[in-house]
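Novice: After the structure tokens below, expect a handful of questions from me.
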Amino acid sequence: MEKRKVTVPLVCHGHSRPVVDLFYSPITPDGFFLISASKDSTPMLRNGETGDWIGTFEGHKGAIWSSCLDTKALRAASASADFSAKLWDALTGDELHSFEHKHIVRACAFSDDTHFLLTGGVEKILRIFDLNRLDAQPRLVDNSPGSIRTVAWLHSDKMILSSCTDTTGVRLWDLRSGKIVQTLETKSPVTSAEVSQDGRYITTADGSTVKFWDANHFGLVKSYDMPCNVESASLEPKHGNKFIAGGEDMWVHIFDFHTGEELGCNKGHHGPVHCVRFSPGGESYASGSEDGTIRIWQTGPVSHEESDLLPGNEPSGKVKAVADEVARNIESGLHIVGEGKTVDNQCLIWY
């Protein structure tokens with residue numbers, strides 16, 4: 001019987017409620033790191049390569065919708081349903097400041113130069129906080145047509161983008177004028193927007209479509225229909241030759257960037273996939289789910305072989321039904337990483 005290869009992920013436990021956002025830091029002298037946002041109100045920091053738990057940021061009183069790290073992974077930020085965004089010391093876990101808002105905060109992002117924090121949420125207002133003057137009033141960029149879902153910086157912090165929960169498209173704002181200069185048109189509200197590491201592409205997920213846009217001229221480069229509604233997509237950063245997408249079918253799909261052909265799909269989550277992100281070197285990617293777990297999958301050669309598996313992990317154009325037995329077989333070989341536990345003799349930085 002022909003053997004088919006199955007990717008075996010690292011499984012990171014610790015969150016008690018759905019994981020709704022993931023963010024990788026750039027590669028630093030100490031490696032790279034992964035921060036997760038969850039509805040359990042506690043962002044968690046992990047070693048980005050191994051998934052080992054480093055610490056939990058405690059202080060929010062509502063669901064966390066977004067979290068991020070600055071370019072040196074020295075500070076973290078989180079956006080919460082408790083009407084606040086918080087700034088954290090990523091080395092000690094201490095809260096450095098709480099930025100109060102008037103409604104739920106859904107998104108946050110550090111500027112590339114690390115001097116500013118961008119937030120957005122249900123108020124329909126983009127705020128830019130000066131991290132060198134924490135008590136100063138933020139700059140307001142308003143007139144968003146809807147409740148803000150995602151935010152990001154681009155063009156060396158000269159522009160920002162945002163998408164809305166209940167309005168289609170992605171809006172690009174020129175910070176010199178504070179005006180919308182371009183709208184990337186989509187058929188459904190955009191649930192995920194990512195600027196590629198080299199600054200060439202903007203990757204968006206809306207409904208059952210993943211689109212790639214030229215980040216300089218804002219034209220549509222590629223658009224692919226997905227096998228189901230997807231909530232998140234991410235482009236491989238090193239070669240840019242593949243992308244991943246995850247959504248309501250609980251699979252993590254891998255596609256060829258140039259052709260849209262499905263190269264594989266990984267099963268393991270027990271609820272819809274809310275977020276997927278490639279690591280900064282492209283050697284792995286992470287997925288966060290309604291089931292409260294984070295799974296880290298290797299991009300390169302797979303690490304496990306199963307004979308006589310059902311069709312589903314081989315390249316295909318459509319999502320195929322997966323038997324529970326196969327999921328159990330895959331689960332039996334998983335490397336489990338739990339909160340407060342370490343593997344490979346890694347030392348915890350803080351608790």
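Lettering and numbering for the structure tokens are positional, with chains as A, B, ... in the shown order, residues counted from 1 in each chain, and ligands counted from 1 in the shown order.
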Enumerate as a PyMOL selection string all residues of region 147-293 of chain A assigned to strand (DSSP E) by DSSP on the backbone, naming them with the chain letters and numbers the document uses.

Specialist: chain A and resi 148-154+159-164+168-174+179-195+201-206+209-214+220-225+230-235+242-247+252-256+262-266+273-278+284-289

Novice: The selected residues should be written to file as a PDB file, in the first residue's frame (atoms: C-alpha atoms).

Specialist:
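result-v8.pdb, written as the output of this step:
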```pdb
ATOM      1  CA  ILE A 148     -12.396  48.086  12.781  1.00  0.00           C
ATOM      2  CA  ARG A 149     -11.286  44.450  12.551  1.00  0.00           C
ATOM      3  CA  THR A 150      -7.609  44.572  11.447  1.00  0.00           C
ATOM      4  CA  VAL A 151      -4.839  47.177  11.311  1.00  0.00           C
ATOM      5  CA  ALA A 152      -1.268  47.213   9.943  1.00  0.00           C
ATOM      6  CA  TRP A 153       1.537  49.627   9.070  1.00  0.00           C
ATOM      7  CA  LEU A 154       3.230  49.826   5.685  1.00  0.00           C
ATOM      8  CA  MET A 159       0.697  54.523   5.720  1.00  0.00           C
ATOM      9  CA  ILE A 160      -1.686  52.300   7.638  1.00  0.00           C
ATOM     10  CA  LEU A 161      -4.367  49.886   6.519  1.00  0.00           C
ATOM     11  CA  SER A 162      -7.549  48.783   8.178  1.00  0.00           C
ATOM     12  CA  SER A 163     -10.479  46.493   7.503  1.00  0.00           C
ATOM     13  CA  CYS A 164     -13.916  46.452   9.081  1.00  0.00           C
ATOM     14  CA  THR A 168     -16.160  45.103   2.717  1.00  0.00           C
ATOM     15  CA  GLY A 169     -12.713  46.140   1.516  1.00  0.00           C
ATOM     16  CA  VAL A 170      -9.405  47.314   2.966  1.00  0.00           C
ATOM     17  CA  ARG A 171      -8.725  51.018   3.394  1.00  0.00           C
ATOM     18  CA  LEU A 172      -5.287  52.556   3.054  1.00  0.00           C
ATOM     19  CA  TRP A 173      -4.625  55.774   4.938  1.00  0.00           C
ATOM     20  CA  ASP A 174      -1.846  58.279   4.220  1.00  0.00           C
ATOM     21  CA  LYS A 179      -7.123  60.579   4.509  1.00  0.00           C
ATOM     22  CA  ILE A 180      -8.080  57.340   2.787  1.00  0.00           C
ATOM     23  CA  VAL A 181      -6.072  57.217  -0.450  1.00  0.00           C
ATOM     24  CA  GLN A 182      -7.076  53.770  -1.712  1.00  0.00           C
ATOM     25  CA  THR A 183      -9.623  51.051  -1.065  1.00  0.00           C
ATOM     26  CA  LEU A 184      -8.935  47.420  -1.951  1.00  0.00           C
ATOM     27  CA  GLU A 185     -12.320  46.126  -3.035  1.00  0.00           C
ATOM     28  CA  THR A 186     -13.591  42.749  -1.783  1.00  0.00           C
ATOM     29  CA  LYS A 187     -16.954  41.004  -1.886  1.00  0.00           C
ATOM     30  CA  SER A 188     -17.018  40.181   1.838  1.00  0.00           C
ATOM     31  CA  PRO A 189     -15.624  41.834   4.982  1.00  0.00           C
ATOM     32  CA  VAL A 190     -11.882  41.219   5.337  1.00  0.00           C
ATOM     33  CA  THR A 191     -11.100  39.115   8.404  1.00  0.00           C
ATOM     34  CA  SER A 192      -7.321  38.977   7.916  1.00  0.00           C
ATOM     35  CA  ALA A 193      -4.841  41.408   6.347  1.00  0.00           C
ATOM     36  CA  GLU A 194      -1.102  40.790   6.370  1.00  0.00           C
ATOM     37  CA  VAL A 195       1.734  42.835   4.857  1.00  0.00           C
ATOM     38  CA  TYR A 201       2.247  42.068  -1.000  1.00  0.00           C
ATOM     39  CA  ILE A 202      -0.840  42.542   1.118  1.00  0.00           C
ATOM     40  CA  THR A 203      -2.567  39.209   1.781  1.00  0.00           C
ATOM     41  CA  THR A 204      -6.275  39.347   2.604  1.00  0.00           C
ATOM     42  CA  ALA A 205      -8.941  36.799   3.476  1.00  0.00           C
ATOM     43  CA  ASP A 206     -12.582  37.620   2.835  1.00  0.00           C
ATOM     44  CA  THR A 209     -11.439  34.084  -1.100  1.00  0.00           C
ATOM     45  CA  VAL A 210      -7.756  34.807  -0.514  1.00  0.00           C
ATOM     46  CA  LYS A 211      -6.337  37.770  -2.422  1.00  0.00           C
ATOM     47  CA  PHE A 212      -2.839  39.143  -2.953  1.00  0.00           C
ATOM     48  CA  TRP A 213      -2.402  42.857  -3.647  1.00  0.00           C
ATOM     49  CA  ASP A 214       0.606  44.864  -4.795  1.00  0.00           C
ATOM     50  CA  LEU A 220      -4.877  42.972  -7.410  1.00  0.00           C
ATOM     51  CA  VAL A 221      -2.137  40.437  -8.195  1.00  0.00           C
ATOM     52  CA  LYS A 222      -3.903  37.130  -7.544  1.00  0.00           C
ATOM     53  CA  SER A 223      -7.266  35.930  -6.244  1.00  0.00           C
ATOM     54  CA  TYR A 224      -8.051  32.343  -5.313  1.00  0.00           C
ATOM     55  CA  ASP A 225     -11.322  30.737  -4.300  1.00  0.00           C
ATOM     56  CA  VAL A 230     -11.528  31.132   5.563  1.00  0.00           C
ATOM     57  CA  GLU A 231     -10.800  33.528   8.383  1.00  0.00           C
ATOM     58  CA  SER A 232      -7.055  33.947   7.967  1.00  0.00           C
ATOM     59  CA  ALA A 233      -4.277  33.591   5.391  1.00  0.00           C
ATOM     60  CA  SER A 234      -0.504  34.056   5.408  1.00  0.00           C
ATOM     61  CA  LEU A 235       2.178  34.161   2.708  1.00  0.00           C
ATOM     62  CA  LYS A 242       3.164  29.173  -1.043  1.00  0.00           C
ATOM     63  CA  PHE A 243       0.530  30.389   1.343  1.00  0.00           C
ATOM     64  CA  ILE A 244      -1.656  28.932   4.067  1.00  0.00           C
ATOM     65  CA  ALA A 245      -5.305  29.498   4.933  1.00  0.00           C
ATOM     66  CA  GLY A 246      -7.573  28.343   7.739  1.00  0.00           C
ATOM     67  CA  GLY A 247     -11.251  28.644   8.480  1.00  0.00           C
ATOM     68  CA  VAL A 252      -5.013  24.239   7.689  1.00  0.00           C
ATOM     69  CA  HIS A 253      -4.618  24.363   3.891  1.00  0.00           C
ATOM     70  CA  ILE A 254      -1.374  24.905   1.981  1.00  0.00           C
ATOM     71  CA  PHE A 255      -1.503  26.350  -1.531  1.00  0.00           C
ATOM     72  CA  ASP A 256       0.897  27.185  -4.345  1.00  0.00           C
ATOM     73  CA  GLU A 262      -3.726  22.971  -3.059  1.00  0.00           C
ATOM     74  CA  LEU A 263      -0.503  21.292  -1.964  1.00  0.00           C
ATOM     75  CA  GLY A 264      -1.894  19.719   1.186  1.00  0.00           C
ATOM     76  CA  CYS A 265      -4.089  20.211   4.207  1.00  0.00           C
ATOM     77  CA  ASN A 266      -3.393  19.428   7.818  1.00  0.00           C
ATOM     78  CA  VAL A 273      -9.319  27.855  12.638  1.00  0.00           C
ATOM     79  CA  HIS A 274      -9.338  31.564  13.481  1.00  0.00           C
ATOM     80  CA  CYS A 275      -5.752  32.531  12.658  1.00  0.00           C
ATOM     81  CA  VAL A 276      -2.736  31.246  10.736  1.00  0.00           C
ATOM     82  CA  ARG A 277       0.740  32.793  10.470  1.00  0.00           C
ATOM     83  CA  PHE A 278       4.086  31.800   8.992  1.00  0.00           C
ATOM     84  CA  SER A 284       7.064  26.573  10.181  1.00  0.00           C
ATOM     85  CA  TYR A 285       3.622  28.078  10.579  1.00  0.00           C
ATOM     86  CA  ALA A 286       1.158  28.309  13.445  1.00  0.00           C
ATOM     87  CA  SER A 287      -2.610  28.002  13.651  1.00  0.00           C
ATOM     88  CA  GLY A 288      -4.984  29.035  16.423  1.00  0.00           C
ATOM     89  CA  SER A 289      -8.452  27.612  16.845  1.00  0.00           C
TER      90      SER A 289
END
```

Novice: Got a sec: who's within 8 Å of Ser66 (chain A), counting only C-alpha atoms, leaving out chain neighbours fewer than 2 positions off, as a list in words?

Specialist: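 My reading of the contact set: Val20, Asp21, Leu22, Ser36, Ala37, Ile64, Cys68, Ser78, Ala79, Ser80, Arg106, Ala107 and Cys108 of chain A.
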
Novice: Write out, as a tab-separated table (two decimals), in the first residue's frame, the residues just selected, with C-alpha atoms.

Specialist:
```tsv
chain	number	residue	atom	x	y	z
A	20	VAL	CA	-8.25	34.36	17.87
A	21	ASP	CA	-4.94	35.95	16.87
A	22	LEU	CA	-1.29	34.95	16.45
A	36	SER	CA	-1.26	34.60	21.09
A	37	ALA	CA	-4.53	36.38	21.80
A	64	ILE	CA	-8.16	39.62	23.93
A	68	CYS	CA	1.66	41.77	18.86
A	78	SER	CA	-2.75	43.62	23.40
A	79	ALA	CA	-6.21	44.82	22.38
A	80	SER	CA	-9.13	43.81	24.56
A	106	ARG	CA	-10.16	44.72	18.20
A	107	ALA	CA	-6.70	45.33	16.72
A	108	CYS	CA	-3.25	46.67	17.57
```

Novice: Skip Gly271 (chain A) itself and residues of its chain fewer than 5 positions away, then list as a PDB file with C-alpha atoms, in the first residue's frame all residues within 9 Å of it, counting only C-alpha atoms.

Specialist:
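Writing the result to out_9.pdb gives the following:
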```
ATOM      1  CA  PRO A  18     -10.577  30.172  21.663  1.00  0.00           C
ATOM      2  CA  GLU A 248     -14.523  26.955   9.265  1.00  0.00           C
ATOM      3  CA  ASP A 249     -13.617  23.419   8.109  1.00  0.00           C
ATOM      4  CA  MET A 250     -10.956  23.048  10.883  1.00  0.00           C
ATOM      5  CA  SER A 289      -8.452  27.612  16.845  1.00  0.00           C
ATOM      6  CA  GLU A 290     -11.804  27.681  18.564  1.00  0.00           C
ATOM      7  CA  ASP A 291     -10.554  24.585  20.426  1.00  0.00           C
ATOM      8  CA  GLY A 292      -8.168  26.771  22.480  1.00  0.00           C
TER       9      GLY A 292
END
```

Novice: Using only C-alpha atoms, which residue out of A:Trp251, A:Asp82, A:Phe99, A:His239 lies closest to Pro227 (chain A)?

Specialist: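 Closest candidate: A:Trp251.
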
Novice: May I ask which of the residues A:Cys12, A:Leu140, A:Leu118, A:Asp112 is the closest one to Ile54 (chain A), counting only C-alpha atoms?

Specialist: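 Looking at the shortest contact to Ile54 (chain A), the residue is A:Cys12.
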
Novice: Name the closest residue to His15 (chain A) among the candidates A:Trp65, A:Leu131, A:Thr293, A:Gly268; distances are taken between atoms, counting only C-alpha atoms.

Specialist: A:Thr293

Novice: Which is closest to Asp113 (chain A) among A:His270, A:Arg295, A:Lys72, A:His258, if we use only C-alpha atoms?

Specialist: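 Of all the options, A:Lys72 lies closest to Asp113 (chain A).
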
Novice: Which one is closest to Gly240 (chain A): A:Gly55, A:Pro26, A:Gly282, A:Pro145? Count only C-alpha atoms.

Specialist: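 Closest candidate: A:Gly282.
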